[in-house]
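Chemist: Just so it is clear, I am handing over entry.txt, which has compact mmCIF, C-alpha atoms.
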# COMPACT_ATOMS: atom_id res chain seq x y z
CA MET X 1063 73.19 -5.97 23.54
CA ALA X 1064 74.17 -3.02 21.35
CA ARG X 1065 70.53 -2.12 20.60
CA HIS X 1066 70.03 -1.59 24.34
CA GLY X 1067 72.99 0.77 24.47
CA VAL X 1068 75.18 -1.62 26.44
CA PRO X 1069 78.87 -0.86 25.85
CA VAL X 1070 82.04 -2.86 26.42
CA VAL X 1071 84.32 -1.33 29.04
CA GLY X 1072 87.92 -2.19 29.80
CA GLY X 1073 91.27 -0.59 30.54
CA SER X 1074 90.91 3.17 30.79
CA THR X 1075 87.24 3.03 29.70
CA PHE X 1076 86.42 1.29 32.98
CA GLY X 1077 86.16 4.84 34.25
CA ALA X 1078 82.93 5.20 32.25
CA LEU X 1079 81.31 2.25 34.02
CA PRO X 1080 79.23 4.37 36.42
CA LEU X 1081 78.00 6.48 33.50
CA SER X 1082 76.98 3.46 31.44
CA LEU X 1083 75.21 1.86 34.40
CA ALA X 1084 73.27 5.07 34.94
CA GLU X 1085 72.41 5.33 31.25
CA CYS X 1086 71.44 1.80 30.35
CA GLY X 1087 71.85 -0.41 33.41
CA ALA X 1088 74.56 -2.71 32.11
CA VAL X 1089 78.09 -2.97 30.79
CA ILE X 1090 80.13 -5.80 29.33
CA PHE X 1091 83.75 -6.39 30.30
CA SER X 1092 86.29 -9.08 29.68
CA GLY X 1093 86.42 -11.46 32.62
CA MET X 1094 90.04 -12.29 31.94
CA PRO X 1095 92.24 -10.12 34.15
CA PRO X 1096 94.65 -7.89 32.19
CA TYR X 1097 97.68 -9.59 33.78
CA ASP X 1098 98.99 -10.61 30.35
CA MET X 1099 102.77 -11.20 30.47
CA TRP X 1100 102.65 -10.33 34.18
CA GLN X 1101 100.40 -13.26 35.06
CA ARG X 1102 101.57 -15.16 38.12
CA VAL X 1103 102.68 -18.65 37.24
CA PRO X 1104 100.91 -21.53 38.98
CA THR X 1105 102.61 -23.80 41.50
CA GLU X 1106 102.59 -26.46 38.83
CA GLY X 1107 102.42 -26.15 35.05
CA VAL X 1108 101.80 -23.01 33.03
CA ILE X 1109 98.02 -22.55 32.75
CA PRO X 1110 97.27 -19.05 34.09
CA PRO X 1111 95.70 -19.50 37.55
CA TYR X 1112 93.75 -16.23 37.49
CA ARG X 1113 91.27 -16.43 34.66
CA THR X 1114 87.74 -15.21 34.04
CA ASP X 1115 86.21 -16.35 37.36
CA ALA X 1116 88.91 -14.57 39.35
CA GLY X 1117 88.78 -11.52 37.09
CA CYS X 1118 85.01 -11.13 37.43
CA TYR X 1119 85.17 -11.68 41.15
CA LEU X 1120 87.88 -9.03 41.56
CA VAL X 1121 85.84 -6.48 39.61
CA ALA X 1122 82.77 -7.29 41.74
CA GLU X 1123 84.83 -6.87 44.89
CA VAL X 1124 86.52 -3.62 43.89
CA TYR X 1125 83.13 -2.04 43.10
CA GLY X 1126 81.51 -3.58 46.17
CA CYS X 1127 78.82 -5.23 44.06
CA ARG X 1128 75.62 -6.73 45.46
CA ASN X 1129 75.73 -10.06 43.62
CA MET X 1130 78.37 -12.14 41.90
CA ILE X 1131 76.67 -14.72 39.70
CA PHE X 1132 78.68 -17.14 37.58
CA VAL X 1133 76.59 -18.41 34.67
CA LYS X 1134 77.88 -21.84 33.65
CA ASP X 1135 76.57 -24.91 31.84
CA GLU X 1136 75.99 -27.00 34.96
CA ASP X 1137 73.48 -26.63 37.78
CA GLY X 1138 76.23 -25.59 40.16
CA LEU X 1139 79.16 -27.08 42.00
CA TYR X 1140 79.42 -30.86 42.04
CA THR X 1141 81.54 -33.27 44.03
CA ALA X 1142 83.32 -34.07 40.73
CA ASN X 1143 83.11 -32.95 37.09
CA PRO X 1144 79.54 -33.95 36.08
CA LYS X 1145 80.56 -34.00 32.41
CA THR X 1146 82.90 -36.90 32.97
CA ASP X 1147 81.83 -38.46 36.29
CA PRO X 1148 78.21 -39.75 36.49
CA SER X 1149 78.42 -40.20 40.27
CA ALA X 1150 78.98 -36.46 40.78
CA GLU X 1151 76.50 -34.89 43.22
CA LEU X 1152 75.31 -31.28 43.31
CA ILE X 1153 76.34 -29.21 46.35
CA PRO X 1154 73.66 -26.53 46.87
CA LYS X 1155 75.50 -24.50 49.48
CA ILE X 1156 79.01 -24.61 50.93
CA THR X 1157 81.54 -22.39 52.65
CA VAL X 1158 84.96 -21.62 51.25
CA ASP X 1159 86.63 -23.40 54.17
CA GLU X 1160 84.57 -26.55 53.64
CA LEU X 1161 85.29 -26.46 49.95
CA ILE X 1162 89.03 -26.07 50.43
CA ALA X 1163 88.99 -28.86 53.05
CA ARG X 1164 87.28 -31.19 50.57
CA ASP X 1165 90.17 -30.64 48.13
CA LEU X 1166 88.00 -31.73 45.19
CA PRO X 1167 89.95 -32.95 42.16
CA ASP X 1168 87.96 -30.63 39.88
CA LEU X 1169 85.95 -27.47 40.49
CA VAL X 1170 83.37 -25.48 38.55
CA ILE X 1171 85.05 -22.28 39.69
CA GLU X 1172 88.73 -21.32 39.67
CA ARG X 1173 90.46 -22.19 42.93
CA PRO X 1174 92.04 -18.74 43.44
CA VAL X 1175 88.51 -17.29 43.79
CA LEU X 1176 88.16 -19.19 47.05
CA GLU X 1177 91.31 -17.60 48.44
CA LEU X 1178 90.15 -14.17 47.27
CA MET X 1179 86.78 -14.67 49.01
CA ARG X 1180 88.58 -15.16 52.31
CA ARG X 1181 89.96 -11.63 51.95
CA ALA X 1182 86.67 -10.12 50.77
CA ARG X 1183 85.44 -6.87 52.22
CA HIS X 1184 82.23 -6.76 50.17
CA VAL X 1185 81.46 -9.83 48.07
CA LYS X 1186 81.20 -12.59 50.66
CA SER X 1187 79.12 -14.99 48.63
CA VAL X 1188 78.95 -16.03 45.00
CA GLU X 1189 76.44 -18.17 43.16
CA VAL X 1190 77.04 -20.60 40.30
CA ILE X 1191 73.96 -21.16 38.14
CA ASN X 1192 73.05 -23.01 34.97
CA GLY X 1193 72.59 -20.55 32.11
CA LEU X 1194 71.17 -23.31 29.91
CA ARG X 1195 68.01 -23.44 32.01
CA PRO X 1196 65.69 -20.57 31.05
CA GLY X 1197 64.66 -18.23 33.85
CA LEU X 1198 67.38 -19.11 36.33
CA LEU X 1199 69.42 -15.96 35.76
CA ARG X 1200 66.36 -13.78 36.32
CA ARG X 1201 65.55 -15.65 39.52
CA ALA X 1202 69.15 -15.48 40.76
CA LEU X 1203 69.21 -11.72 40.12
CA ALA X 1204 66.03 -11.49 42.21
CA GLY X 1205 67.92 -13.09 45.08
CA GLU X 1206 66.54 -16.61 44.76
CA HIS X 1207 68.83 -19.57 45.46
CA VAL X 1208 68.84 -21.49 42.17
CA GLY X 1209 72.35 -22.96 41.92
CA THR X 1210 75.28 -23.41 44.27
CA ILE X 1211 75.99 -20.64 46.74
CA ILE X 1212 79.57 -20.45 48.02
CA THR X 1213 80.02 -18.25 51.07
CA ALA X 1214 83.18 -16.79 52.60
CA ALA X 1215 82.26 -18.07 56.06
CA MET Y 171 64.19 -23.35 23.07
CA THR Y 172 63.76 -26.37 25.26
CA ASN Y 173 67.07 -26.52 27.03
CA THR Y 174 67.22 -29.09 29.76
CA ALA Y 175 69.98 -30.50 31.86
CA SER Y 176 70.10 -33.66 29.79
CA GLN Y 177 70.87 -31.63 26.69
CA THR Y 178 73.91 -30.16 28.29
CA GLY Y 179 75.50 -33.57 28.31
CA SER Y 180 75.18 -34.55 24.66
CA SER Y 181 74.19 -32.05 21.99
CA PHE Y 182 76.59 -29.37 23.12
CA ALA Y 183 79.44 -31.83 22.71
CA ALA Y 184 79.14 -31.32 18.93
CA LYS Y 185 80.76 -27.91 19.43
CA ASP Y 186 83.86 -29.31 21.09
CA VAL Y 187 87.14 -28.97 19.24
CA PRO Y 188 89.12 -32.15 19.86
CA SER Y 189 92.08 -31.37 22.13
CA PRO Y 190 93.70 -32.94 25.17
CA LEU Y 191 91.81 -30.48 27.38
CA MET Y 192 88.47 -30.78 25.59
CA ARG Y 193 85.46 -30.33 27.90
CA GLN Y 194 87.73 -29.65 30.85
CA THR Y 195 87.47 -26.92 33.43
CA LEU Y 196 91.29 -26.56 33.29
CA LEU Y 197 91.18 -27.13 37.02
CA ASP Y 198 91.75 -30.86 37.17
CA ARG Y 199 95.36 -31.27 38.24
CA GLU Y 200 95.69 -34.84 37.00
CA LEU Y 201 94.60 -33.99 33.46
CA ILE Y 202 96.91 -31.04 33.06
CA ARG Y 203 100.10 -32.54 34.43
CA PRO Y 204 100.91 -34.88 31.51
CA LEU Y 205 100.64 -32.03 29.00
CA ASP Y 206 103.27 -29.96 30.68
CA ARG Y 207 106.52 -29.26 28.81
CA PRO Y 208 109.57 -27.22 29.74
CA VAL Y 209 108.86 -23.53 29.13
CA ILE Y 210 110.85 -21.93 26.32
CA PRO Y 211 112.67 -18.66 27.06
CA LEU Y 212 111.40 -16.04 24.59
CA LEU Y 213 114.12 -13.42 24.91
CA PRO Y 214 117.10 -15.19 26.51
CA TRP Y 215 119.46 -12.28 25.74
CA LEU Y 216 117.36 -9.69 27.52
CA ASN Y 217 118.57 -7.84 30.61
CA VAL Y 218 115.82 -6.48 32.82
CA VAL Y 219 117.02 -3.47 34.81
CA VAL Y 220 114.76 -2.03 37.49
CA ILE Y 221 115.42 1.57 38.55
CA GLY Y 222 114.19 2.15 42.08
CA GLY Y 223 111.83 5.10 42.48
CA ARG Y 224 112.46 6.00 46.09
CA SER Y 225 116.09 4.88 45.97
CA ILE Y 226 117.22 6.46 42.68
CA THR Y 227 114.74 8.62 40.74
CA ASP Y 228 113.49 10.58 43.76
CA LYS Y 229 117.07 11.62 44.54
CA GLY Y 230 117.22 13.61 41.31
CA ARG Y 231 120.19 14.60 39.20
CA ASP Y 232 122.97 13.33 41.47
CA ALA Y 233 121.56 9.80 41.52
CA VAL Y 234 119.77 9.61 38.17
CA LEU Y 235 122.40 10.94 35.76
CA PRO Y 236 125.22 8.54 36.71
CA VAL Y 237 122.79 5.61 36.42
CA VAL Y 238 121.58 6.83 33.03
CA GLU Y 239 125.17 7.32 31.84
CA GLU Y 240 126.01 3.75 32.77
CA LEU Y 241 122.98 2.44 30.95
CA ARG Y 242 123.89 4.56 27.92
CA ALA Y 243 127.44 3.24 27.93
CA ALA Y 244 126.15 -0.33 28.15
CA LEU Y 245 123.90 -0.01 25.07
CA PRO Y 246 126.47 -1.24 22.50
CA GLU Y 247 126.97 -4.50 24.36
CA GLN Y 248 123.66 -5.10 26.17
CA ARG Y 249 120.01 -5.27 25.23
CA MET Y 250 117.90 -3.98 28.04
CA LEU Y 251 114.39 -3.51 29.25
CA ILE Y 252 114.55 -0.70 31.78
CA LEU Y 253 111.65 -0.58 34.23
CA THR Y 254 110.84 2.15 36.71
CA GLY Y 255 109.14 2.36 40.07
CA PRO Y 256 107.06 5.22 41.44
CA GLY Y 257 108.90 6.46 44.55
CA VAL Y 258 107.59 9.23 46.73
CA GLN Y 259 104.56 9.98 44.53
CA ALA Y 260 103.28 6.48 45.29
CA ARG Y 261 103.55 7.00 49.04
CA HIS Y 262 101.67 10.25 48.69
CA VAL Y 263 98.82 8.99 46.53
CA LEU Y 264 98.51 5.82 48.63
CA GLY Y 265 98.29 7.91 51.76
CA VAL Y 266 95.50 10.04 50.33
CA GLY Y 267 93.74 7.04 48.77
CA LEU Y 268 93.81 4.99 51.97
CA ASP Y 269 92.52 7.97 53.91
CA LEU Y 270 89.60 8.21 51.49
CA GLY Y 271 88.79 4.52 51.88
CA LEU Y 272 89.49 3.59 48.26
CA PRO Y 273 89.70 -0.12 47.40
CA THR Y 274 92.94 -1.89 46.47
CA GLY Y 275 92.12 -2.01 42.74
CA VAL Y 276 91.71 1.75 42.55
CA LEU Y 277 94.88 2.34 44.58
CA ALA Y 278 96.80 0.04 42.21
CA SER Y 279 95.67 2.06 39.20
CA LEU Y 280 96.68 5.32 40.87
CA VAL Y 281 100.15 4.17 41.92
CA SER Y 282 100.78 2.61 38.54
CA SER Y 283 100.38 5.93 36.76
CA GLU Y 284 102.98 7.43 39.09
CA ALA Y 285 105.48 4.70 38.17
CA GLU Y 286 104.81 5.48 34.51
CA GLN Y 287 105.93 9.08 35.03
CA ASN Y 288 109.37 7.93 36.12
CA GLY Y 289 109.57 5.76 33.03
CA HIS Y 290 108.99 8.77 30.79
CA LEU Y 291 111.62 10.63 32.77
CA ILE Y 292 114.31 7.97 32.21
CA ALA Y 293 113.29 7.48 28.56
CA ALA Y 294 113.66 11.20 27.86
CA LEU Y 295 117.27 11.05 29.04
CA LEU Y 296 118.06 8.12 26.73
CA ALA Y 297 116.01 9.30 23.74
CA GLU Y 298 119.10 10.36 21.78
CA GLN Y 299 120.19 6.71 21.64
CA GLY Y 300 116.82 5.59 20.29
CA VAL Y 301 115.51 4.41 23.65
CA SER Y 302 111.76 5.04 23.95
CA TYR Y 303 109.10 4.69 26.59
CA LEU Y 304 106.77 1.85 25.61
CA SER Y 305 103.34 1.20 27.06
CA ARG Y 306 102.81 -2.09 28.84
CA ALA Y 307 100.62 -3.37 26.01
CA THR Y 308 103.56 -2.79 23.64
CA ILE Y 309 105.98 -4.38 26.10
CA ALA Y 310 103.75 -7.45 26.29
CA HIS Y 311 103.27 -7.90 22.55
CA GLN Y 312 105.77 -5.92 20.47
CA LEU Y 313 108.89 -5.86 22.64
CA ALA Y 314 110.75 -8.12 20.23
CA VAL Y 315 110.41 -5.77 17.27
CA HIS Y 316 111.25 -2.71 19.35
CA LEU Y 317 114.40 -4.35 20.64
CA SER Y 318 115.34 -5.22 17.07
CA ALA Y 319 115.21 -1.52 16.27
CA SER Y 320 116.80 -0.27 19.46
CA ARG Y 321 119.15 -1.69 22.07
CA ALA Y 322 116.82 -0.85 24.94
CA ALA Y 323 113.33 0.24 25.88
CA VAL Y 324 111.84 1.78 29.00
CA SER Y 325 108.52 0.95 30.59
CA ASN Y 326 106.48 1.05 33.75
CA GLY Y 327 107.69 -1.47 36.31
CA PHE Y 328 104.23 -1.73 37.84
CA PRO Y 329 102.30 -4.74 36.51
CA PRO Y 330 99.06 -3.83 34.70
CA TYR Y 331 96.83 -5.34 37.38
CA GLY Y 332 94.86 -2.13 37.93
CA LEU Y 333 91.28 -2.73 39.03
CA TYR Y 334 92.00 -6.46 38.98
CA GLU Y 335 94.72 -6.18 41.65
CA LEU Y 336 94.45 -8.91 44.25
CA PRO Y 337 93.53 -7.60 47.68
CA PRO Y 338 96.32 -8.32 50.19
CA GLU Y 339 95.86 -10.52 53.25
CA VAL Y 340 96.20 -7.51 55.54
CA GLY Y 341 95.35 -3.91 54.74
CA LYS Y 342 94.67 -2.51 51.29
CA ILE Y 343 98.05 -1.65 49.76
CA PRO Y 344 98.40 -3.28 46.32
CA PRO Y 345 100.72 -6.29 46.71
CA HIS Y 346 101.97 -6.41 43.10
CA ARG Y 347 104.26 -3.45 42.75
CA THR Y 348 107.37 -2.56 40.73
CA ASP Y 349 109.76 -5.23 42.01
CA THR Y 350 107.15 -7.95 41.51
CA GLY Y 351 105.98 -6.65 38.14
CA ALA Y 352 109.54 -6.58 36.82
CA PHE Y 353 110.20 -10.07 38.11
CA LEU Y 354 107.04 -11.56 36.56
CA LEU Y 355 107.81 -9.91 33.22
CA ALA Y 356 111.46 -11.02 33.24
CA ASP Y 357 110.34 -14.56 34.00
CA ALA Y 358 107.69 -14.55 31.28
CA TYR Y 359 110.30 -13.48 28.73
CA GLY Y 360 112.92 -15.88 30.06
CA ALA Y 361 115.31 -12.96 30.38
CA ALA Y 362 119.02 -13.49 31.07
CA ARG Y 363 118.91 -11.58 34.34
CA THR Y 364 116.94 -9.22 36.54
CA ILE Y 365 118.96 -6.44 38.17
CA TYR Y 366 117.41 -4.21 40.80
CA VAL Y 367 119.19 -0.85 40.99
CA LYS Y 368 118.84 0.58 44.48
CA ASP Y 369 120.76 2.95 46.76
CA VAL Y 370 122.15 0.28 49.07
CA ASP Y 371 124.87 -2.29 48.34
CA GLY Y 372 122.40 -5.15 48.59
CA VAL Y 373 120.70 -7.08 51.36
CA PHE Y 374 122.20 -6.57 54.80
CA THR Y 375 121.85 -8.66 57.92
CA ASN Y 376 120.16 -5.58 59.29
CA ASP Y 377 119.17 -2.35 57.60
CA PRO Y 378 122.27 -0.13 57.24
CA ALA Y 379 120.08 2.95 57.12
CA THR Y 380 118.54 2.40 60.54
CA ALA Y 381 120.96 0.13 62.37
CA GLU Y 382 122.43 1.86 65.41
CA GLY Y 383 125.53 0.48 67.04
CA ARG Y 384 125.14 -2.78 65.15
CA SER Y 385 127.45 -3.54 62.27
CA PRO Y 386 125.39 -4.55 59.28
CA GLU Y 387 126.87 -7.20 57.06
CA LEU Y 388 126.28 -7.44 53.34
CA ILE Y 389 124.85 -10.76 52.23
CA ALA Y 390 126.65 -11.62 48.98
CA ARG Y 391 124.59 -14.63 48.00
CA MET Y 392 121.72 -16.40 49.68
CA GLY Y 393 118.84 -18.75 48.93
CA VAL Y 394 115.25 -17.61 49.24
CA ALA Y 395 114.32 -19.92 52.13
CA GLU Y 396 117.30 -18.90 54.23
CA LEU Y 397 116.68 -15.22 53.56
CA MET Y 398 112.99 -15.46 54.42
CA ALA Y 399 113.84 -17.36 57.61
CA MET Y 400 116.04 -14.43 58.71
CA ASP Y 401 112.86 -12.32 58.77
CA LEU Y 402 114.82 -9.11 58.21
CA GLU Y 403 113.29 -5.82 59.29
CA ALA Y 404 114.02 -4.22 55.96
CA LEU Y 405 114.55 -5.76 52.56
CA PRO Y 406 115.54 -3.55 49.62
CA ILE Y 407 113.02 -5.42 47.43
CA ASP Y 408 109.43 -6.52 47.95
CA ALA Y 409 109.20 -9.84 49.79
CA LEU Y 410 106.60 -11.06 47.30
CA VAL Y 411 109.42 -11.44 44.74
CA LEU Y 412 111.05 -14.01 47.01
CA GLU Y 413 107.80 -15.96 47.25
CA LEU Y 414 107.36 -15.95 43.49
CA MET Y 415 110.92 -17.16 42.88
CA ALA Y 416 109.91 -20.60 44.13
CA HIS Y 417 107.69 -21.20 41.08
CA ALA Y 418 109.54 -19.10 38.51
CA LYS Y 419 110.18 -20.83 35.20
CA HIS Y 420 113.42 -19.03 34.31
CA GLN Y 421 114.40 -16.36 36.81
CA LYS Y 422 116.21 -18.48 39.36
CA GLU Y 423 118.34 -15.55 40.52
CA ILE Y 424 117.92 -11.85 41.06
CA GLN Y 425 120.62 -9.30 41.74
CA ILE Y 426 120.40 -6.17 43.87
CA VAL Y 427 123.06 -3.56 43.20
CA ASN Y 428 123.89 -0.09 44.44
CA GLY Y 429 123.35 2.33 41.57
CA ARG Y 430 125.16 5.06 43.50
CA THR Y 431 128.47 3.19 43.10
CA PRO Y 432 129.92 3.72 39.60
CA GLY Y 433 130.54 0.53 37.66
CA ASN Y 434 128.08 -1.65 39.53
CA ILE Y 435 125.39 -1.69 36.84
CA THR Y 436 127.97 -2.29 34.10
CA ASN Y 437 129.51 -5.18 36.01
CA ALA Y 438 126.18 -6.73 36.90
CA LEU Y 439 125.10 -6.56 33.25
CA ARG Y 440 128.30 -8.42 32.35
CA GLY Y 441 127.29 -11.19 34.70
CA GLU Y 442 129.72 -10.27 37.45
CA HIS Y 443 128.76 -10.67 41.05
CA VAL Y 444 128.20 -7.28 42.61
CA GLY Y 445 125.76 -6.56 45.41
CA THR Y 446 123.49 -9.34 46.59
CA ILE Y 447 122.38 -12.30 44.55
CA ILE Y 448 119.27 -14.08 45.79
CA HIS Y 449 118.68 -17.48 44.28
CA ALA Y 450 115.79 -19.94 44.24
CA ASP Y 451 116.28 -22.96 46.47
What is this structure when it is put down as structure tokens?
Modeler:
Amino acid sequence: MARHGVPVVGGSTFGALPLSLAECGAVIFSGMPPYDMWQRVPTEGVIPPYRTDAGCYLVAEVYGCRNMIFVKDEDGLYTANPKTDPSAELIPKITVDELIARDLPDLVIERPVLELMRRARHVKSVEVINGLRPGLLRRALAGEHVGTIITAA
Amino acid sequence: MTNTASQTGSSFAAKDVPSPLMRQTLLDRELIRPLDRPVIPLLPWLNVVVIGGRSITDKGRDAVLPVVEELRAALPEQRMLILTGPGVQARHVLGVGLDLGLPTGVLASLVSSEAEQNGHLIAALLAEQGVSYLSRATIAHQLAVHLSASRAAVSNGFPPYGLYELPPEVGKIPPHRTDTGAFLLADAYGAARTIYVKDVDGVFTNDPATAEGRSPELIARMGVAELMAMDLEALPIDALVLELMAHAKHQKEIQIVNGRTPGNITNALRGEHVGTIIHAD
């Protein structure tokens, strides 16, 4: 993206985000939150619970962004992990409450994002799309429903 | 490029590195559980000492110098990470920020820089003994080497959540503040102890500063569940610390001591019971 003038922002350079957006229309940032050694430990185990999905969502929420699109390698959210379970079915649209109630064994998006969405002031829906299918990202950016939409209510 | 859904299943598998979590979302509880091992403590000899902003630093010379002298005297026998909170500056900037309608992530960044100021203040007073202020990035990745060169280091107690701070359930005030940041860091390092230096003797059955006609009693030692059930009007530390204690890997106890009473910090560092000890259930 360098040839288009798109910079990486992070830490103190996040302050230049509005400038970069005005100049070239995009920035790149690390989705992983900067929690580092201050990461909250999960209820069970040691894998950091707040990873790139939560980090991106939090940035979207703090800036009050219009869209939060997660580009993954599956068509959206399934009833199980489609990579390992052939009976998994795509869920085109679901609310956070329904999703939490289903208590799925696996999820395409980090569970803490669901909790964060309940507290959202701005970003009340997110969409998970398949980046391996050409054209979907463009259509999602245009507001078309092309993956799974998860809504706060 | 002719990517289709069917391709996602097979050809991309060639890029997998064989591991127990290969091709996993890291969200399947059943797959992760068997890999879990006891967590090793990284710096088991470390004492984390948290200097309250409102309770100590804001009070100036009379409160700060005796605390600093005790820390200085402890240097030959203790290795310490001294963390500071923001105090009155935080209340001020939060007040202005809330009034302007700023989001939690921006407020967290603002308050954090205020806590850093108090860190520089304490570090300046201990500079002669080789104690420096270290940035949080250094604390997270080079603390070991710094503590090999010096007996102690000072840093910002606020966790580096910044823009990525989690919005609270109610309101907009950043939930991860000094007490929580210090606790998370102490737990991640597997420190020997976390000592919160405040201006009260510990946790009281009711707040000694506001109680009228009631006789507050100091709680010497109590479990998290019992303490939370008491639903006290005022706790000298953030309640989030109590919540986090339930899942902590190493920090099963925290100690709250009165830094205005000479000898308390020294004794707490030696493992003696002064003030209030709160333990995980």
Chemist: Using all atoms listed in the file, determine which residues lie at most 12 Å from Glu284 (chain Y), disregarding the query and same-chain residues fewer than 3 positions distant; provide the list as a PyMOL selection string.
Modeler: chain Y and resi 223-224+227-228+254-264+277-281+287-291+326-328+347-348
Chemist: Any idea which chain X residues end up within 8 Å of chain Y if we count all atoms listed in the file, as an MDAnalysis selection string please?
Modeler: chainID X and resid 1095:1109 1117 1120:1121 1124 1135:1137 1145 1167:1170 1172:1173 1178 1181:1182 1194:1196
Chemist: Give me, please, the distance in Å between CA of Asn1129 (chain X) and CA of Leu1079 (chain X), quoted to one decimal.
Modeler: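 We find that CA of Asn1129 (chain X) and CA of Leu1079 (chain X) lie 16.6 Å from each other.
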Chemist: Go through Y:Val367, Y:Val187, Y:Ala314, Y:Val266 one by one, measure the shortest atom-to-atom distance of each to Ile435 (chain Y) using all atoms listed in the file, and give the residue with the smallest value.
Modeler: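 When distances to Ile435 (chain Y) are compared using all atoms listed in the file, the smallest one comes from Y:Val367.
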Chemist: Find, counting all atoms listed in the file, the residue in X:Ala1116, X:Met1130, X:Ile1090, X:Ala1064 that gets nearest to Phe1076 (chain X).
Modeler: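 For Phe1076 (chain X), the nearest of the candidates is X:Ile1090.
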Chemist: Which residue is closest to Lys229 (chain Y)? Choose from Y:Met400, Y:Asp369, Y:Ile426, Y:Ile407 and count only C-alpha atoms.
Modeler: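 The answer is Y:Asp369, which sits nearest to Lys229 (chain Y).
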Chemist: Looking at all atoms listed in the file, which of X:Tyr1112, X:Tyr1125, X:Phe1132, X:Tyr1140 is the one that sits closest to Gly1077 (chain X)?
Modeler: X:Tyr1125
Chemist: Might you pull out every residue within 8 Å of Leu251 (chain Y), with all atoms listed in the file counted and same-chain residues fewer than 2 positions away left off, and present them as a ChimeraX atom specification?
Modeler: /Y:216-219,249,253,322-325
Chemist: For the atom pair CA of Val237 (chain Y) and CA of Gly429 (chain Y), what is the interatomic distance in Å to one decimal place?
Modeler: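 Atom-to-atom, CA of Val237 (chain Y) and CA of Gly429 (chain Y) are spaced 6.1 Å apart.
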Chemist: Using all atoms listed in the file - which residues lie no farther than 9 Å from the point (74.7, -7.5, 47.2) in the file's frame? Write them as a tab-separated table (two decimals) with C-alpha atoms, keeping the file's coordinate frame.
Modeler:
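Wrote selection_0.tsv, looks like this:
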chain	number	residue	atom	x	y	z
X	1126	GLY	CA	81.51	-3.58	46.17
X	1127	CYS	CA	78.82	-5.23	44.06
X	1128	ARG	CA	75.62	-6.73	45.46
X	1129	ASN	CA	75.73	-10.06	43.62
X	1130	MET	CA	78.37	-12.14	41.90
X	1184	HIS	CA	82.23	-6.76	50.17
X	1185	VAL	CA	81.46	-9.83	48.07
X	1186	LYS	CA	81.20	-12.59	50.66
X	1187	SER	CA	79.12	-14.99	48.63
